[in-house]
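Novice: Structure file upload.cif (mmCIF, C-alpha atoms and all ligand atoms) right here:
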```
data_my_file
#
loop_
_atom_site.label_atom_id
_atom_site.label_comp_id
_atom_site.auth_asym_id
_atom_site.auth_seq_id
_atom_site.Cartn_x
_atom_site.Cartn_y
_atom_site.Cartn_z
CA MET A 1 54.59 -13.67 120.34
CA SER A 2 57.52 -11.96 122.02
CA LYS A 3 57.11 -8.61 123.69
CA ARG A 4 59.11 -7.05 120.90
CA ASN A 5 56.77 -8.50 118.33
CA GLN A 6 53.64 -6.95 119.64
CA PRO A 7 51.99 -4.20 117.59
CA LYS A 8 52.93 -0.69 118.63
CA ALA A 9 51.02 -0.36 121.77
CA GLY A 10 51.11 3.15 123.04
CA SER A 11 50.35 2.42 126.66
CA ARG A 12 47.53 -0.08 126.11
CA SER A 13 47.75 -3.85 126.26
CA PRO A 14 45.62 -6.09 124.04
CA ARG A 15 43.65 -7.07 127.12
CA THR A 16 43.04 -3.41 127.94
CA SER A 17 41.89 -2.85 124.38
CA ALA A 18 39.45 -5.72 124.66
CA ARG A 19 38.11 -4.38 127.96
CA ARG A 20 37.60 -1.00 126.36
CA GLY A 21 35.60 -2.71 123.64
CA ARG A 22 33.00 -4.04 126.10
CA ARG A 23 31.74 -0.58 126.84
CA ALA A 24 32.74 1.57 123.91
CA PRO A 25 32.71 0.02 120.48
CA ALA A 26 34.28 2.19 117.88
CA ARG A 27 32.40 5.48 117.92
CA PRO A 28 28.93 4.61 116.62
CA PRO A 29 27.46 7.29 114.39
CA ALA A 30 24.96 9.76 115.82
CA GLY A 31 21.45 8.37 115.84
CA ARG A 32 22.66 4.79 115.37
CA THR A 33 24.18 4.30 118.78
CA SER A 34 21.93 1.76 120.45
CA LYS A 35 22.09 -0.84 117.67
CA TRP A 36 25.85 -0.83 117.66
CA VAL A 37 26.66 -0.99 121.35
CA GLU A 38 27.97 -4.52 121.68
CA THR A 39 30.13 -6.67 123.90
CA THR A 40 33.52 -7.80 122.72
CA GLU A 41 32.07 -11.24 122.10
CA GLN A 42 29.25 -9.79 120.01
CA ARG A 43 31.72 -7.72 118.03
CA ALA A 44 33.90 -10.76 117.44
CA GLU A 45 30.87 -12.70 116.21
CA ARG A 46 29.90 -9.82 113.91
CA ALA A 47 33.48 -9.63 112.61
CA ARG A 48 33.35 -13.33 111.72
CA ARG A 49 30.07 -12.85 109.86
CA VAL A 50 31.51 -9.85 108.04
CA MET A 51 34.50 -11.94 106.95
CA ALA A 52 32.24 -14.76 105.76
CA ALA A 53 30.24 -12.30 103.67
CA LEU A 54 33.41 -10.75 102.26
CA GLU A 55 34.69 -14.22 101.38
CA ARG A 56 31.56 -14.78 99.30
CA ALA A 57 31.91 -11.35 97.68
CA HIS A 58 35.65 -11.52 97.01
CA PRO A 59 36.59 -15.20 96.60
CA ASP A 60 39.67 -14.31 94.53
CA ALA A 61 41.14 -11.84 97.03
CA ARG A 62 44.90 -12.26 97.23
CA VAL A 63 48.08 -10.26 97.20
CA ALA A 64 48.33 -8.27 93.97
CA LEU A 65 52.11 -7.85 94.01
CA GLU A 66 53.97 -10.24 91.73
CA PHE A 67 56.88 -12.20 93.21
CA SER A 68 58.59 -15.55 92.85
CA ASN A 69 60.72 -15.67 96.00
CA PRO A 70 60.93 -13.98 99.44
CA LEU A 71 63.47 -11.37 98.28
CA GLU A 72 61.15 -10.25 95.48
CA MET A 73 58.25 -10.15 97.93
CA VAL A 74 60.01 -7.85 100.35
CA VAL A 75 61.37 -5.60 97.58
CA ALA A 76 57.94 -5.30 95.93
CA THR A 77 56.34 -4.48 99.27
CA VAL A 78 58.90 -1.75 99.98
CA LEU A 79 58.27 -0.30 96.51
CA SER A 80 54.48 -0.38 97.01
CA ALA A 81 54.56 2.49 99.51
CA GLN A 82 52.65 5.41 97.98
CA CYS A 83 52.36 3.50 94.71
CA THR A 84 49.76 1.26 93.08
CA ASP A 85 50.41 -2.47 92.95
CA ALA A 86 49.95 -2.37 89.17
CA LYS A 87 52.75 0.16 88.77
CA VAL A 88 55.00 -1.79 91.13
CA ASN A 89 54.43 -4.94 89.07
CA GLU A 90 55.25 -3.03 85.89
CA VAL A 91 58.54 -1.89 87.42
CA THR A 92 59.51 -5.16 89.10
CA ARG A 93 59.06 -7.25 85.95
CA LYS A 94 62.22 -5.57 84.64
CA LEU A 95 63.88 -4.94 87.99
CA PHE A 96 63.82 -8.59 89.04
CA GLN A 97 65.60 -9.62 85.85
CA ARG A 98 68.56 -7.41 86.76
CA TYR A 99 68.48 -7.68 90.55
CA ARG A 100 68.39 -11.32 91.61
CA THR A 101 70.24 -11.38 94.94
CA ALA A 102 70.48 -9.31 98.10
CA ARG A 103 74.03 -8.42 97.07
CA ASP A 104 72.75 -7.00 93.78
CA TYR A 105 70.79 -4.43 95.78
CA ALA A 106 73.58 -3.83 98.30
CA GLU A 107 76.09 -3.09 95.55
CA ALA A 108 73.83 -1.33 93.05
CA PRO A 109 75.85 1.39 91.27
CA PRO A 110 74.86 4.98 92.10
CA GLY A 111 71.92 6.07 90.01
CA GLU A 112 71.18 2.69 88.46
CA LEU A 113 68.74 1.43 91.07
CA GLU A 114 67.14 4.86 91.29
CA GLU A 115 66.49 4.82 87.57
CA ALA A 116 65.10 1.29 87.67
CA ILE A 117 62.51 2.12 90.34
CA HIS A 118 61.88 5.74 89.33
CA ALA A 119 58.27 5.13 88.28
CA THR A 120 57.23 3.96 91.77
CA GLY A 121 57.85 7.43 93.24
CA PHE A 122 60.10 8.51 96.12
CA PHE A 123 62.77 6.64 94.21
CA ASN A 124 65.80 8.16 96.01
CA PHE A 125 64.41 7.18 99.38
CA LYS A 126 63.33 3.73 98.23
CA ALA A 127 66.69 3.08 96.55
CA LYS A 128 68.43 3.96 99.81
CA LEU A 129 66.15 1.55 101.67
CA LEU A 130 66.77 -1.25 99.17
CA ARG A 131 70.56 -0.81 99.32
CA GLY A 132 70.37 -0.92 103.11
CA LEU A 133 68.05 -3.87 102.98
CA GLY A 134 70.39 -5.75 100.64
CA ARG A 135 73.39 -4.89 102.81
CA THR A 136 71.64 -6.03 105.99
CA LEU A 137 70.55 -9.28 104.37
CA VAL A 138 74.12 -9.98 103.22
CA ASP A 139 75.81 -8.99 106.48
CA ARG A 140 73.32 -10.42 108.97
CA PHE A 141 71.35 -13.16 107.25
CA GLY A 142 73.63 -14.75 104.69
CA GLY A 143 71.79 -13.03 101.84
CA GLU A 144 68.49 -14.71 102.69
CA VAL A 145 65.26 -13.07 103.80
CA PRO A 146 64.61 -14.14 107.39
CA ARG A 147 61.31 -15.73 108.30
CA THR A 148 60.57 -14.32 111.73
CA MET A 149 58.94 -11.04 112.68
CA ASP A 150 61.82 -10.03 114.95
CA GLU A 151 64.39 -10.50 112.22
CA LEU A 152 62.33 -8.89 109.48
CA LEU A 153 61.89 -5.80 111.63
CA GLU A 154 65.67 -5.37 111.60
CA LEU A 155 65.59 -4.68 107.86
CA PRO A 156 65.55 -1.06 106.65
CA GLY A 157 62.11 -0.10 105.36
CA VAL A 158 60.36 -3.03 107.00
CA ALA A 159 57.75 -2.35 109.68
CA ARG A 160 54.98 -4.66 110.88
CA LYS A 161 52.76 -4.15 107.83
CA THR A 162 55.51 -5.19 105.41
CA ALA A 163 56.71 -7.97 107.72
CA ASN A 164 53.18 -9.42 107.95
CA ILE A 165 52.82 -9.32 104.16
CA VAL A 166 56.18 -10.99 103.58
CA LEU A 167 55.71 -13.63 106.28
CA GLY A 168 52.24 -14.59 105.10
CA ASN A 169 52.87 -14.60 101.37
CA ALA A 170 56.46 -15.79 101.13
CA PHE A 171 56.60 -18.20 104.06
CA GLY A 172 53.02 -19.03 105.02
CA VAL A 173 53.75 -17.71 108.51
CA VAL A 174 51.02 -15.65 110.20
CA GLU A 175 52.02 -13.48 113.14
CA GLY A 176 49.61 -10.58 112.72
CA ILE A 177 47.43 -8.59 110.35
CA ALA A 178 48.88 -6.22 107.76
CA VAL A 179 47.14 -2.88 108.30
CA ASP A 180 47.40 -0.84 105.13
CA THR A 181 45.24 2.13 104.21
CA HIS A 182 42.29 -0.08 103.17
CA VAL A 183 42.38 -2.32 106.23
CA ARG A 184 42.63 0.76 108.44
CA ARG A 185 39.63 2.44 106.82
CA LEU A 186 37.48 -0.71 106.77
CA ALA A 187 38.27 -1.58 110.39
CA GLN A 188 37.14 1.89 111.42
CA ARG A 189 34.00 2.08 109.27
CA LEU A 190 32.92 -1.41 110.29
CA GLY A 191 33.34 -0.45 113.93
CA LEU A 192 35.95 -3.14 114.52
CA SER A 193 38.48 -0.64 115.85
CA GLY A 194 38.15 2.93 117.04
CA GLU A 195 41.88 3.53 116.80
CA GLU A 196 43.90 5.60 114.35
CA ASP A 197 47.32 4.02 114.81
CA PRO A 198 47.86 0.98 112.56
CA GLY A 199 49.53 -0.93 115.37
CA LEU A 200 46.53 -0.44 117.64
CA ILE A 201 44.12 -1.32 114.84
CA GLU A 202 46.08 -4.50 114.22
CA ARG A 203 45.86 -5.34 117.88
CA ASP A 204 42.10 -4.75 117.96
CA LEU A 205 41.56 -6.96 114.91
CA MET A 206 43.78 -9.69 116.30
CA ALA A 207 41.72 -9.64 119.50
CA ILE A 208 38.40 -10.31 117.76
CA LEU A 209 39.34 -12.39 114.72
CA PRO A 210 40.47 -16.00 115.02
CA ARG A 211 44.08 -16.47 113.99
CA GLU A 212 43.14 -18.48 110.92
CA MET A 213 41.37 -15.38 109.58
CA TRP A 214 44.26 -12.95 110.07
CA PHE A 215 45.99 -13.51 106.73
CA ARG A 216 42.89 -14.10 104.64
CA GLY A 217 41.05 -11.24 106.30
CA THR A 218 43.74 -8.80 105.25
CA TYR A 219 43.10 -9.42 101.57
CA LEU A 220 39.32 -9.57 101.94
CA LEU A 221 39.35 -6.13 103.54
CA ILE A 222 41.77 -4.78 100.93
CA ASP A 223 39.66 -6.05 98.03
CA HIS A 224 36.49 -4.70 99.58
CA GLY A 225 38.16 -1.36 100.23
CA ARG A 226 39.28 -1.12 96.64
CA GLY A 227 36.08 -2.31 95.03
CA VAL A 228 33.19 -1.16 97.23
CA CYS A 229 34.15 0.68 100.39
CA ASN A 230 36.48 3.12 98.72
CA ALA A 231 37.82 6.13 100.56
CA LYS A 232 35.84 8.94 98.98
CA ALA A 233 32.56 7.33 98.00
CA PRO A 234 31.73 4.04 99.74
CA ARG A 235 28.99 2.22 97.84
CA CYS A 236 26.95 1.21 100.88
CA GLY A 237 23.82 0.60 98.83
CA GLU A 238 25.44 -2.34 97.07
CA CYS A 239 27.60 -3.55 99.93
CA PRO A 240 27.04 -7.14 101.10
CA VAL A 241 27.98 -6.31 104.68
CA GLU A 242 25.78 -3.22 104.95
CA PRO A 243 23.38 -4.78 107.51
CA MET A 244 26.38 -5.54 109.72
CA CYS A 245 28.12 -2.17 109.33
CA PRO A 246 27.69 0.90 111.55
CA LYS A 247 29.37 3.01 108.84
CA VAL A 248 31.51 4.84 111.34
CA GLY A 249 32.74 8.11 109.86
CA VAL A 250 30.70 7.73 106.67
CA ASN A 251 28.92 11.03 106.42
CA PRO A 252 26.05 10.95 105.88
CA PRO A 253 25.63 7.18 106.35
CA SER A 254 24.12 5.84 103.15
CA GLY A 255 22.34 2.65 102.20
S1 LIG B 1 28.24 -0.55 104.40
FE1 LIG B 1 29.35 1.20 103.50
S2 LIG B 1 30.84 1.83 105.06
FE2 LIG B 1 30.15 -0.26 105.58
S3 LIG B 1 31.66 -1.64 104.63
FE3 LIG B 1 29.95 -1.40 103.20
S4 LIG B 1 30.57 0.29 101.83
FE4 LIG B 1 31.87 0.39 103.67
#
```
As structure tokens, please, write out the structure in this file.
Ligand code: SF4
Specialist:
Amino acid sequence: MSKRNQPKAGSRSPRTSARRGRRAPARPPAGRTSKWVETTEQRAERARRVMAALERAHPDARVALEFSNPLEMVVATVLSAQCTDAKVNEVTRKLFQRYRTARDYAEAPPGELEEAIHATGFFNFKAKLLRGLGRTLVDRFGGEVPRTMDELLELPGVARKTANIVLGNAFGVVEGIAVDTHVRRLAQRLGLSGEEDPGLIERDLMAILPREMWFRGTYLLIDHGRGVCNAKAPRCGECPVEPMCPKVGVNPPSG
């Protein structure tokens, strides 16, 4: 991974993050401290057991956005910001019939693209991103979606989360872990990262999960976040990973 490819780091390196983990696993809840103080190796082992349990609980976990080529994948991911995947799919089923190439987005007539994506919210901003994205693809990449992290990050509206999603789903390339709102929340509650910044959370997860779990783990955490460990009312009493979870920030811890 090039220096430029690394998750946003603040001032900490992955190695520093791992060292921190030996002494201070992610903020154990009051009264539950001793059980959850663990070495980095112990946390990595627990993370693997959590993923195995989530695999049994969510065997069908996969990306919910519909796409048939890399361009559709990146467009759908841009549209999914602040919008449900179901609504994005509803919109893209029509959109992708009219917009088939990067040039179609680059040269979309004023108002037309906005109208087509209106239902996904923030449509003026997203239309601007998609025009810029189409233009950049045409001018820099021959109209094709590139397949490296460095190149994807050059596209308007594409940060590491989107790039990881596109690389993994469209190209089968795994360079990191896509940290969306569910992955962020689960990583914190499970005590796998004590960070707030998605880039630092990604780095913490990459440090304790084997690379072959990075892509799969993303969708296991997302499915679990949607179905069980939801933001407002986590259902700890019926959660298959409850014995392995310190429930950081769940107040009061239940289950
Ligand atoms: S035990 Fe509770 S907080 Fe932990 S993962 Fe399960 S639902 Fe979420």
Novice: Which is closest to ligand LIG 1 (chain B) among A:Ala178, A:Val37, A:Val74, A:Ala57, if we use all atoms listed in the file?
Specialist: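 The answer is A:Ala57, which sits nearest to ligand LIG 1 (chain B).
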Novice: If you count only C-alpha atoms, which residues fall within 10 Å of Leu137 in chain A, apart from same-chain ones fewer than 2 positions away, as a PyMOL selection string?
Specialist: chain A and resi 71+101-103+105-106+131-135+139-146+152+154-156
Novice: Have a look at A:Lys128, A:Lys247, A:Arg98, A:Arg216 and name the one nearest to Pro59 in chain A; count only C-alpha atoms.
Specialist: A:Arg216
Novice: 8 Å from ligand LIG 1 (chain B) is the threshold here; counting only C-alpha atoms and all ligand atoms, which polymer residues fall inside it? Answer as an MDAnalysis selection string.
Specialist: chainID A and resid 186 189:190 224:225 228:230 234:248 250 253:255
Novice: How many Å separate CA of Gly157 in chain A from CA of Met206 in chain A?
Specialist: 23.4 Å
Novice: Calculated over all atoms listed in the file, which of the candidates A:Phe125, A:Trp214, A:Tyr219, A:Phe67 has the smallest distance to Glu202 in chain A?
Specialist: A:Trp214
Novice: Of the candidates A:Ala127, A:Trp36, A:Ala86, A:Met51, which one gets nearest to Pro109 in chain A if we count only C-alpha atoms?
Specialist: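 Of A:Ala127, A:Trp36, A:Ala86, A:Met51, the one nearest Pro109 in chain A is A:Ala127, counting only C-alpha atoms.
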Novice: Identify which of the residues A:Ile177, A:Leu129, A:Ala233, A:Ala76 lies closest to Glu90 in chain A, counting all atoms listed in the file when measuring atom-to-atom distances.
Specialist: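 Selected residue with least distance to Glu90 in chain A: A:Ala76.
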Novice: Name all residues at most 10 Å from Ala187 in chain A (count only C-alpha atoms; drop same-chain ones fewer than 3 positions away) and give them as a VMD selection string.
Specialist: chain A and resid 26 47 179 182 to 184 190 to 196 201 to 202 204 to 205 221 248
Novice: Quick one: residues within 12 Å of (58.5, -5.6, 93.9) (file frame), counting all atoms listed in the file, please, as a ChimeraX atom specification.
Specialist: /A:63-81,83-97,99-100,116-117,120,126,130,162,166
Novice: Excluding Arg211 in chain A and residues on its chain fewer than 5 positions from it, collect all residues at most 9 Å away from it, counting all atoms listed in the file, and give them as a ChimeraX atom specification.
Specialist: /A:174-176,206
Novice: Box in all listed atoms of range 125-130 of chain A, axis-aligned, with 6 Å more on each side; write out centre and edge lengths in Å to one decimal as lines of an AutoDock Vina configuration file.
Specialist:
```
center_x = 65.9
center_y = 3.0
center_z = 99.1
size_x = 17.1
size_y = 20.4
size_z = 17.1
```
Novice: His58 in chain A: which residues within 8 Å, counting all atoms listed in the file, same-chain residues fewer than 4 positions away excluded, as a CSV table (one decimal) with C-alpha atoms, in the frame of the given file?
Specialist:
```csv
chain,number,residue,atom,x,y,z
A,54,LEU,CA,33.4,-10.8,102.3
A,220,LEU,CA,39.3,-9.6,101.9
A,223,ASP,CA,39.7,-6.0,98.0
A,224,HIS,CA,36.5,-4.7,99.6
```
Novice: Could you state the separation of CA of Asp197 in chain A and CA of Asp180 in chain A in Å, given to one decimal place?
Specialist: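 Separation between CA of Asp197 in chain A and CA of Asp180 in chain A: 10.8 Å.
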Novice: What is the CA of Arg46 in chain A-CA of Gln188 in chain A distance in Å, reported with one decimal?
Specialist: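 CA of Gln188 in chain A lies at a distance of 14.0 Å from CA of Arg46 in chain A.
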Novice: N, CA and C atoms are what I want for range 119-144 of chain A; can you complete it accordingly and write them as a compact mmCIF listing (two decimals), in the frame of the given file?
Specialist:
```txt
# COMPACT_ATOMS: atom_id res chain seq x y z
N ALA A 119 59.71 5.00 88.51
CA ALA A 119 58.27 5.13 88.28
C ALA A 119 57.43 4.84 89.52
N THR A 120 58.02 4.26 90.57
CA THR A 120 57.23 3.96 91.77
C THR A 120 57.15 5.15 92.72
N GLY A 121 57.87 6.25 92.38
CA GLY A 121 57.85 7.43 93.24
C GLY A 121 58.80 7.30 94.42
N PHE A 122 59.18 8.48 94.97
CA PHE A 122 60.10 8.51 96.12
C PHE A 122 61.30 7.60 95.87
N PHE A 123 61.79 7.64 94.64
CA PHE A 123 62.77 6.64 94.21
C PHE A 123 64.12 6.78 94.92
N ASN A 124 64.52 8.02 95.28
CA ASN A 124 65.80 8.16 96.01
C ASN A 124 65.71 7.50 97.37
N PHE A 125 64.60 7.76 98.04
CA PHE A 125 64.41 7.18 99.38
C PHE A 125 64.30 5.66 99.30
N LYS A 126 63.51 5.18 98.35
CA LYS A 126 63.33 3.73 98.23
C LYS A 126 64.63 3.03 97.82
N ALA A 127 65.42 3.68 96.95
CA ALA A 127 66.69 3.08 96.55
C ALA A 127 67.63 2.97 97.76
N LYS A 128 67.61 4.00 98.60
CA LYS A 128 68.43 3.96 99.81
C LYS A 128 67.99 2.81 100.72
N LEU A 129 66.66 2.66 100.84
CA LEU A 129 66.15 1.55 101.67
C LEU A 129 66.57 0.20 101.09
N LEU A 130 66.45 0.05 99.78
CA LEU A 130 66.77 -1.25 99.17
C LEU A 130 68.26 -1.57 99.26
N ARG A 131 69.11 -0.55 99.12
CA ARG A 131 70.56 -0.81 99.32
C ARG A 131 70.82 -1.25 100.76
N GLY A 132 70.20 -0.55 101.71
CA GLY A 132 70.37 -0.92 103.11
C GLY A 132 69.81 -2.29 103.40
N LEU A 133 68.68 -2.56 102.79
CA LEU A 133 68.05 -3.87 102.98
C LEU A 133 68.96 -4.97 102.44
N GLY A 134 69.49 -4.76 101.23
CA GLY A 134 70.39 -5.75 100.64
C GLY A 134 71.63 -5.94 101.50
N ARG A 135 72.18 -4.81 101.99
CA ARG A 135 73.39 -4.89 102.81
C ARG A 135 73.10 -5.64 104.11
N THR A 136 71.97 -5.36 104.73
CA THR A 136 71.64 -6.03 105.99
C THR A 136 71.42 -7.53 105.76
N LEU A 137 70.76 -7.86 104.66
CA LEU A 137 70.55 -9.28 104.37
C LEU A 137 71.88 -10.00 104.17
N VAL A 138 72.81 -9.35 103.46
CA VAL A 138 74.12 -9.98 103.22
C VAL A 138 74.90 -10.10 104.53
N ASP A 139 74.96 -9.01 105.29
CA ASP A 139 75.81 -8.99 106.48
C ASP A 139 75.24 -9.81 107.64
N ARG A 140 73.91 -9.81 107.77
CA ARG A 140 73.32 -10.42 108.97
C ARG A 140 72.64 -11.76 108.71
N PHE A 141 72.19 -11.97 107.47
CA PHE A 141 71.35 -13.16 107.25
C PHE A 141 71.83 -14.01 106.07
N GLY A 142 73.08 -13.90 105.74
CA GLY A 142 73.63 -14.75 104.69
C GLY A 142 72.98 -14.52 103.33
N GLY A 143 72.41 -13.34 103.14
CA GLY A 143 71.79 -13.03 101.84
C GLY A 143 70.37 -13.51 101.70
N GLU A 144 69.84 -14.17 102.75
CA GLU A 144 68.49 -14.71 102.69
C GLU A 144 67.52 -13.83 103.49
```
